Amino acid sequence: MSTTRVFLIASSLARLIEKEREGHHVRQGYFPDQPSRSISVRLEGNACSLILITQEPNGPVEEATAIPVSQAEALLDLAAGRVEYLSVGPTVGTQPATLHRLITPGSFDLVTVAFEQTEQARTFHPVPWFGPEVSHDPAYQARSMALAGLPSGTGVE
């Protein structure tokens, strides 16, 4: 089972990482949650998806369906909220990571470290340049930021 940990990162450091690594622009639109499902649309280059997450007895199940760019852009215009960010893929030690430089709904930076096993995530020691961990704070999830705005205290120096 894969696990991710999310940390705030100083924007000055994020700019340096962005200069060293190539990134790509991502736009995501979110529709209001329903009791048993949530819907979003994602545009990442020419790859566009309509994403349905349903709540099942064993946990959430995500289904993504590829859609044409024109349809994705039309759905993005209808979404209740959206996030836009530059996604950059640095490596932290031996762990792949993703830097998200948020543009919309406001400007700040997060780094996500992905792990194949929960044990790896639990024993991971963040590097000193990481800011506070926000993995378990729903306010830092893309859906929450798109629909409710940026959480307070997003700056890290």
# chains A, B, ... in the order shown; residues from 1 in each chain; ligands from 1

$ select_by_dssp --residues "chain A" --states "strand (DSSP E)" --output "number ranges by chain"
A: 3-9, 23-30, 37-44, 47-56, 59-66, 81-88, 91-92, 95-104, 108-115, 130-133

$ residues_around --residues "A:Leu16" --least-positions-apart "5" --cutoff "12 Å" --atoms "only C-alpha atoms" --output "list in words"
Ile9, Ala10, Ser11, Arg21, Glu22, Val88, Pro90, Leu99 and Arg101 of chain A

$ write_last_selection --atoms "N, CA and C atoms" --output "mmCIF file, in the first residue's frame"
data_model
loop_
_atom_site.group_PDB
_atom_site.id
_atom_site.type_symbol
_atom_site.label_atom_id
_atom_site.label_comp_id
_atom_site.auth_asym_id
_atom_site.auth_seq_id
_atom_site.Cartn_x
_atom_site.Cartn_y
_atom_site.Cartn_z
ATOM 1 N N ILE A 9 7.402 23.940 2.267
ATOM 2 C CA ILE A 9 8.784 24.220 1.899
ATOM 3 C C ILE A 9 8.905 25.716 1.606
ATOM 4 N N ALA A 10 10.024 26.292 1.939
ATOM 5 C CA ALA A 10 10.241 27.720 1.713
ATOM 6 C C ALA A 10 10.207 28.026 0.219
ATOM 7 N N SER A 11 9.552 29.120 -0.143
ATOM 8 C CA SER A 11 9.424 29.470 -1.558
ATOM 9 C C SER A 11 10.774 29.773 -2.191
ATOM 10 N N ARG A 21 15.376 21.766 -12.089
ATOM 11 C CA ARG A 21 14.572 20.654 -12.612
ATOM 12 C C ARG A 21 13.476 21.165 -13.530
ATOM 13 N N GLU A 22 13.175 20.384 -14.510
ATOM 14 C CA GLU A 22 12.080 20.747 -15.412
ATOM 15 C C GLU A 22 10.752 20.341 -14.779
ATOM 16 N N VAL A 88 7.169 19.685 -10.087
ATOM 17 C CA VAL A 88 8.590 19.443 -10.341
ATOM 18 C C VAL A 88 8.983 18.191 -9.566
ATOM 19 N N PRO A 90 11.866 16.474 -7.887
ATOM 20 C CA PRO A 90 13.195 16.230 -7.317
ATOM 21 C C PRO A 90 13.248 14.870 -6.622
ATOM 22 N N LEU A 99 7.495 18.428 -6.010
ATOM 23 C CA LEU A 99 7.343 19.789 -5.536
ATOM 24 C C LEU A 99 6.139 20.379 -6.250
ATOM 25 N N ARG A 101 4.382 23.882 -6.797
ATOM 26 C CA ARG A 101 4.470 25.342 -6.660
ATOM 27 C C ARG A 101 3.111 25.900 -7.029
#

$ closest_residue --among "A:Val69, A:Val26, A:Asn58, A:Tyr140" --to "A:Phe108" --atoms "only C-alpha atoms"
A:Tyr140

$ atom_distance --atom1 "atom CA of A:Gln141" --atom2 "atom CA of A:Val6"
9.5 Å

$ closest_residue --among "A:Asn46, A:Ser87, A:Ser135, A:Ser70" --to "A:Ile103" --atoms "only C-alpha atoms"
A:Ser87

$ closest_residue --among "A:Gly89, A:Gly59, A:Gly131, A:Pro126" --to "A:Ile17" --atoms "only C-alpha atoms"
A:Gly89

$ closest_residue --among "A:Thr54, A:Gln71, A:Thr98, A:Thr3" --to "A:Arg42" --atoms "only C-alpha atoms"
A:Gln71

$ closest_atom_pairs --of "stretch 28-53 of chain A" --to "stretch 81-85 of chain A" --cutoff "9 Å" --atoms "only C-alpha atoms" --output "tab-separated table"
residue	atom	partner	partner_atom	distance
A:Gln28	CA	A:Val83	CA	5.4
A:Gly29	CA	A:Arg82	CA	4.2
A:Tyr30	CA	A:Gly81	CA	5.4
A:Phe31	CA	A:Gly81	CA	6.9
A:Pro32	CA	A:Gly81	CA	8.4

$ write_last_selection --atoms "all heavy atoms" --output "PDB file, in the first residue's frame"
ATOM      1  N   GLN A  28      -6.360  21.566 -12.027  1.00  0.00           N
ATOM      2  CA  GLN A  28      -7.372  20.645 -11.526  1.00  0.00           C
ATOM      3  C   GLN A  28      -8.603  21.432 -11.117  1.00  0.00           C
ATOM      4  O   GLN A  28      -8.491  22.459 -10.452  1.00  0.00           O
ATOM      5  CB  GLN A  28      -6.847  19.861 -10.316  1.00  0.00           C
ATOM      6  CG  GLN A  28      -5.737  18.891 -10.671  1.00  0.00           C
ATOM      7  CD  GLN A  28      -5.225  18.162  -9.453  1.00  0.00           C
ATOM      8  OE1 GLN A  28      -4.192  18.503  -8.931  1.00  0.00           O
ATOM      9  NE2 GLN A  28      -5.964  17.153  -9.016  1.00  0.00           N
ATOM     10  N   GLY A  29      -9.760  20.942 -11.532  1.00  0.00           N
ATOM     11  CA  GLY A  29     -11.026  21.550 -11.152  1.00  0.00           C
ATOM     12  C   GLY A  29     -11.827  20.568 -10.320  1.00  0.00           C
ATOM     13  O   GLY A  29     -11.855  19.375 -10.604  1.00  0.00           O
ATOM     14  N   TYR A  30     -12.470  21.073  -9.283  1.00  0.00           N
ATOM     15  CA  TYR A  30     -13.222  20.229  -8.358  1.00  0.00           C
ATOM     16  C   TYR A  30     -14.678  20.655  -8.331  1.00  0.00           C
ATOM     17  O   TYR A  30     -15.002  21.838  -8.290  1.00  0.00           O
ATOM     18  CB  TYR A  30     -12.629  20.323  -6.949  1.00  0.00           C
ATOM     19  CG  TYR A  30     -11.239  19.750  -6.904  1.00  0.00           C
ATOM     20  CD1 TYR A  30     -10.128  20.544  -7.154  1.00  0.00           C
ATOM     21  CD2 TYR A  30     -11.037  18.402  -6.653  1.00  0.00           C
ATOM     22  CE1 TYR A  30      -8.848  20.021  -7.132  1.00  0.00           C
ATOM     23  CE2 TYR A  30      -9.762  17.868  -6.631  1.00  0.00           C
ATOM     24  CZ  TYR A  30      -8.675  18.678  -6.872  1.00  0.00           C
ATOM     25  OH  TYR A  30      -7.409  18.143  -6.863  1.00  0.00           O
ATOM     26  N   PHE A  31     -15.547  19.663  -8.326  1.00  0.00           N
ATOM     27  CA  PHE A  31     -16.976  19.888  -8.230  1.00  0.00           C
ATOM     28  C   PHE A  31     -17.389  19.638  -6.787  1.00  0.00           C
ATOM     29  O   PHE A  31     -16.717  18.903  -6.061  1.00  0.00           O
ATOM     30  CB  PHE A  31     -17.711  18.964  -9.206  1.00  0.00           C
ATOM     31  CG  PHE A  31     -17.349  19.264 -10.629  1.00  0.00           C
ATOM     32  CD1 PHE A  31     -16.260  18.649 -11.237  1.00  0.00           C
ATOM     33  CD2 PHE A  31     -18.067  20.201 -11.360  1.00  0.00           C
ATOM     34  CE1 PHE A  31     -15.896  18.960 -12.537  1.00  0.00           C
ATOM     35  CE2 PHE A  31     -17.707  20.519 -12.665  1.00  0.00           C
ATOM     36  CZ  PHE A  31     -16.626  19.898 -13.253  1.00  0.00           C
ATOM     37  N   PRO A  32     -18.488  20.236  -6.336  1.00  0.00           N
ATOM     38  CA  PRO A  32     -18.900  20.039  -4.940  1.00  0.00           C
ATOM     39  C   PRO A  32     -19.049  18.553  -4.604  1.00  0.00           C
ATOM     40  O   PRO A  32     -19.486  17.749  -5.436  1.00  0.00           O
ATOM     41  CB  PRO A  32     -20.255  20.755  -4.864  1.00  0.00           C
ATOM     42  CG  PRO A  32     -20.217  21.758  -5.972  1.00  0.00           C
ATOM     43  CD  PRO A  32     -19.409  21.108  -7.065  1.00  0.00           C
TER      44      PRO A  32
END

$ residues_around --residues "A:Val61" --least-positions-apart "3" --cutoff "12 Å" --atoms "only C-alpha atoms" --output "PyMOL selection string"
chain A and resi 36-39+51-58+64

$ atom_distance --atom1 "atom CA of A:Arg143" --atom2 "atom CA of A:Phe115"
21.7 Å

$ closest_residue --among "A:His24, A:Phe7, A:Val41, A:Leu50" --to "A:Ala66" --atoms "only C-alpha atoms"
A:Leu50

$ closest_residue --among "A:Asp33, A:Glu62, A:Glu18, A:Glu116" --to "A:Ala79" --atoms "only C-alpha atoms"
A:Asp33

$ atom_distance --atom1 "atom CA of A:Leu13" --atom2 "atom CA of A:Gln120"
25.1 Å

$ select_by_dssp --residues "chain A" --states "helix (DSSP H, G or I)" --output "PyMOL selection string"
chain A and resi 11-20+69-78+118-123+138-140+142-148

$ decode --residues "stretch 10-151 of chain A" --atoms "C-alpha atoms" --output "CSV table (one decimal), in the first residue's frame"
chain,number,residue,atom,x,y,z
A,10,ALA,CA,10.2,27.7,1.7
A,11,SER,CA,9.4,29.5,-1.6
A,12,SER,CA,13.0,30.6,-2.0
A,13,LEU,CA,14.2,27.0,-1.9
A,14,ALA,CA,11.3,25.9,-4.2
A,15,ARG,CA,12.4,28.5,-6.8
A,16,LEU,CA,16.0,27.0,-6.7
A,17,ILE,CA,14.7,23.5,-7.2
A,18,GLU,CA,12.5,24.7,-10.1
A,19,LYS,CA,15.5,26.3,-11.8
A,20,GLU,CA,17.4,23.0,-11.6
A,21,ARG,CA,14.6,20.7,-12.6
A,22,GLU,CA,12.1,20.7,-15.4
A,23,GLY,CA,8.5,20.9,-14.3
A,24,HIS,CA,5.0,20.9,-15.9
A,25,HIS,CA,1.8,22.8,-15.5
A,26,VAL,CA,-1.2,21.1,-13.9
A,27,ARG,CA,-4.7,22.4,-13.6
A,28,GLN,CA,-7.4,20.6,-11.5
A,29,GLY,CA,-11.0,21.6,-11.2
A,30,TYR,CA,-13.2,20.2,-8.4
A,31,PHE,CA,-17.0,19.9,-8.2
A,32,PRO,CA,-18.9,20.0,-4.9
A,33,ASP,CA,-18.7,16.8,-2.9
A,34,GLN,CA,-21.7,14.5,-2.9
A,35,PRO,CA,-22.4,12.1,0.1
A,36,SER,CA,-20.9,9.1,-1.6
A,37,ARG,CA,-18.6,10.5,-4.3
A,38,SER,CA,-16.5,13.3,-5.5
A,39,ILE,CA,-15.7,14.4,-9.1
A,40,SER,CA,-12.7,16.4,-10.5
A,41,VAL,CA,-11.1,17.1,-13.8
A,42,ARG,CA,-7.3,17.2,-14.3
A,43,LEU,CA,-5.3,18.8,-17.2
A,44,GLU,CA,-1.6,17.9,-17.3
A,45,GLY,CA,-0.1,18.8,-20.7
A,46,ASN,CA,-2.2,16.9,-23.3
A,47,ALA,CA,-3.3,14.3,-20.7
A,48,CYS,CA,-6.7,15.1,-19.4
A,49,SER,CA,-8.8,13.0,-17.0
A,50,LEU,CA,-12.2,13.0,-15.4
A,51,ILE,CA,-11.8,11.5,-12.0
A,52,LEU,CA,-14.5,9.9,-9.9
A,53,ILE,CA,-13.9,8.9,-6.3
A,54,THR,CA,-16.6,6.8,-4.7
A,55,GLN,CA,-16.8,5.8,-1.0
A,56,GLU,CA,-16.9,2.0,-0.7
A,57,PRO,CA,-17.0,-0.1,2.5
A,58,ASN,CA,-13.3,-0.8,2.2
A,59,GLY,CA,-12.3,2.8,1.6
A,60,PRO,CA,-12.3,5.3,-1.4
A,61,VAL,CA,-12.0,4.0,-4.9
A,62,GLU,CA,-10.7,6.3,-7.6
A,63,GLU,CA,-11.5,5.9,-11.3
A,64,ALA,CA,-9.9,8.1,-13.9
A,65,THR,CA,-11.2,8.3,-17.5
A,66,ALA,CA,-9.2,10.0,-20.3
A,67,ILE,CA,-11.1,12.8,-22.0
A,68,PRO,CA,-10.2,15.2,-24.8
A,69,VAL,CA,-8.6,18.5,-24.0
A,70,SER,CA,-11.6,20.5,-25.2
A,71,GLN,CA,-13.9,18.7,-22.9
A,72,ALA,CA,-11.5,19.0,-19.9
A,73,GLU,CA,-11.2,22.7,-20.4
A,74,ALA,CA,-15.0,23.1,-20.6
A,75,LEU,CA,-15.4,21.1,-17.4
A,76,LEU,CA,-12.7,23.1,-15.7
A,77,ASP,CA,-14.7,26.3,-16.5
A,78,LEU,CA,-17.7,24.8,-14.8
A,79,ALA,CA,-15.9,23.5,-11.7
A,80,ALA,CA,-16.7,25.0,-8.3
A,81,GLY,CA,-13.0,25.5,-7.5
A,82,ARG,CA,-9.6,24.9,-9.0
A,83,VAL,CA,-6.0,24.7,-8.3
A,84,GLU,CA,-3.1,25.3,-10.6
A,85,TYR,CA,0.5,24.5,-9.9
A,86,LEU,CA,3.9,23.7,-11.4
A,87,SER,CA,4.8,20.1,-10.6
A,88,VAL,CA,8.6,19.4,-10.3
A,89,GLY,CA,10.1,16.0,-9.6
A,90,PRO,CA,13.2,16.2,-7.3
A,91,THR,CA,14.6,13.2,-5.4
A,92,VAL,CA,15.1,13.4,-1.7
A,93,GLY,CA,17.8,10.9,-0.8
A,94,THR,CA,16.6,7.8,-2.6
A,95,GLN,CA,12.9,8.7,-2.4
A,96,PRO,CA,11.1,10.3,-5.3
A,97,ALA,CA,9.3,13.5,-4.4
A,98,THR,CA,7.1,16.1,-6.1
A,99,LEU,CA,7.3,19.8,-5.5
A,100,HIS,CA,4.0,21.6,-6.1
A,101,ARG,CA,4.5,25.3,-6.7
A,102,LEU,CA,0.9,26.5,-6.3
A,103,ILE,CA,-0.3,29.4,-8.5
A,104,THR,CA,-4.1,29.3,-7.9
A,105,PRO,CA,-5.8,29.9,-5.6
A,106,GLY,CA,-2.7,31.6,-4.2
A,107,SER,CA,1.0,31.2,-4.1
A,108,PHE,CA,2.9,28.7,-1.8
A,109,ASP,CA,4.9,25.5,-2.0
A,110,LEU,CA,4.5,21.9,-0.9
A,111,VAL,CA,6.7,18.9,-1.3
A,112,THR,CA,5.2,15.4,-1.4
A,113,VAL,CA,7.4,12.3,-0.7
A,114,ALA,CA,5.9,9.0,-2.0
A,115,PHE,CA,6.6,5.6,-0.4
A,116,GLU,CA,5.7,2.1,-1.6
A,117,GLN,CA,5.2,0.8,1.9
A,118,THR,CA,3.7,2.4,5.1
A,119,GLU,CA,6.8,1.3,7.1
A,120,GLN,CA,9.1,3.3,4.8
A,121,ALA,CA,6.9,6.4,5.3
A,122,ARG,CA,6.9,5.9,9.1
A,123,THR,CA,10.7,5.6,9.4
A,124,PHE,CA,11.4,8.5,6.9
A,125,HIS,CA,13.3,11.3,8.5
A,126,PRO,CA,12.6,14.6,6.7
A,127,VAL,CA,15.6,16.5,5.5
A,128,PRO,CA,16.4,19.8,7.4
A,129,TRP,CA,15.2,22.1,4.6
A,130,PHE,CA,11.6,20.7,4.8
A,131,GLY,CA,9.1,22.8,6.7
A,132,PRO,CA,6.3,21.5,8.9
A,133,GLU,CA,4.5,18.3,7.9
A,134,VAL,CA,0.9,18.8,6.8
A,135,SER,CA,0.2,15.2,5.6
A,136,HIS,CA,-2.8,14.8,7.9
A,137,ASP,CA,-4.2,18.3,7.6
A,138,PRO,CA,-7.2,18.3,5.2
A,139,ALA,CA,-6.8,22.0,4.6
A,140,TYR,CA,-3.6,21.3,2.5
A,141,GLN,CA,-5.3,18.8,0.2
A,142,ALA,CA,-5.9,20.2,-3.4
A,143,ARG,CA,-9.7,19.7,-3.1
A,144,SER,CA,-9.9,21.7,0.1
A,145,MET,CA,-7.7,24.5,-1.3
A,146,ALA,CA,-9.8,24.7,-4.5
A,147,LEU,CA,-13.1,24.8,-2.8
A,148,ALA,CA,-12.2,26.7,0.5
A,149,GLY,CA,-9.1,28.6,-0.4
A,150,LEU,CA,-5.6,28.5,1.1
A,151,PRO,CA,-5.1,27.5,4.7
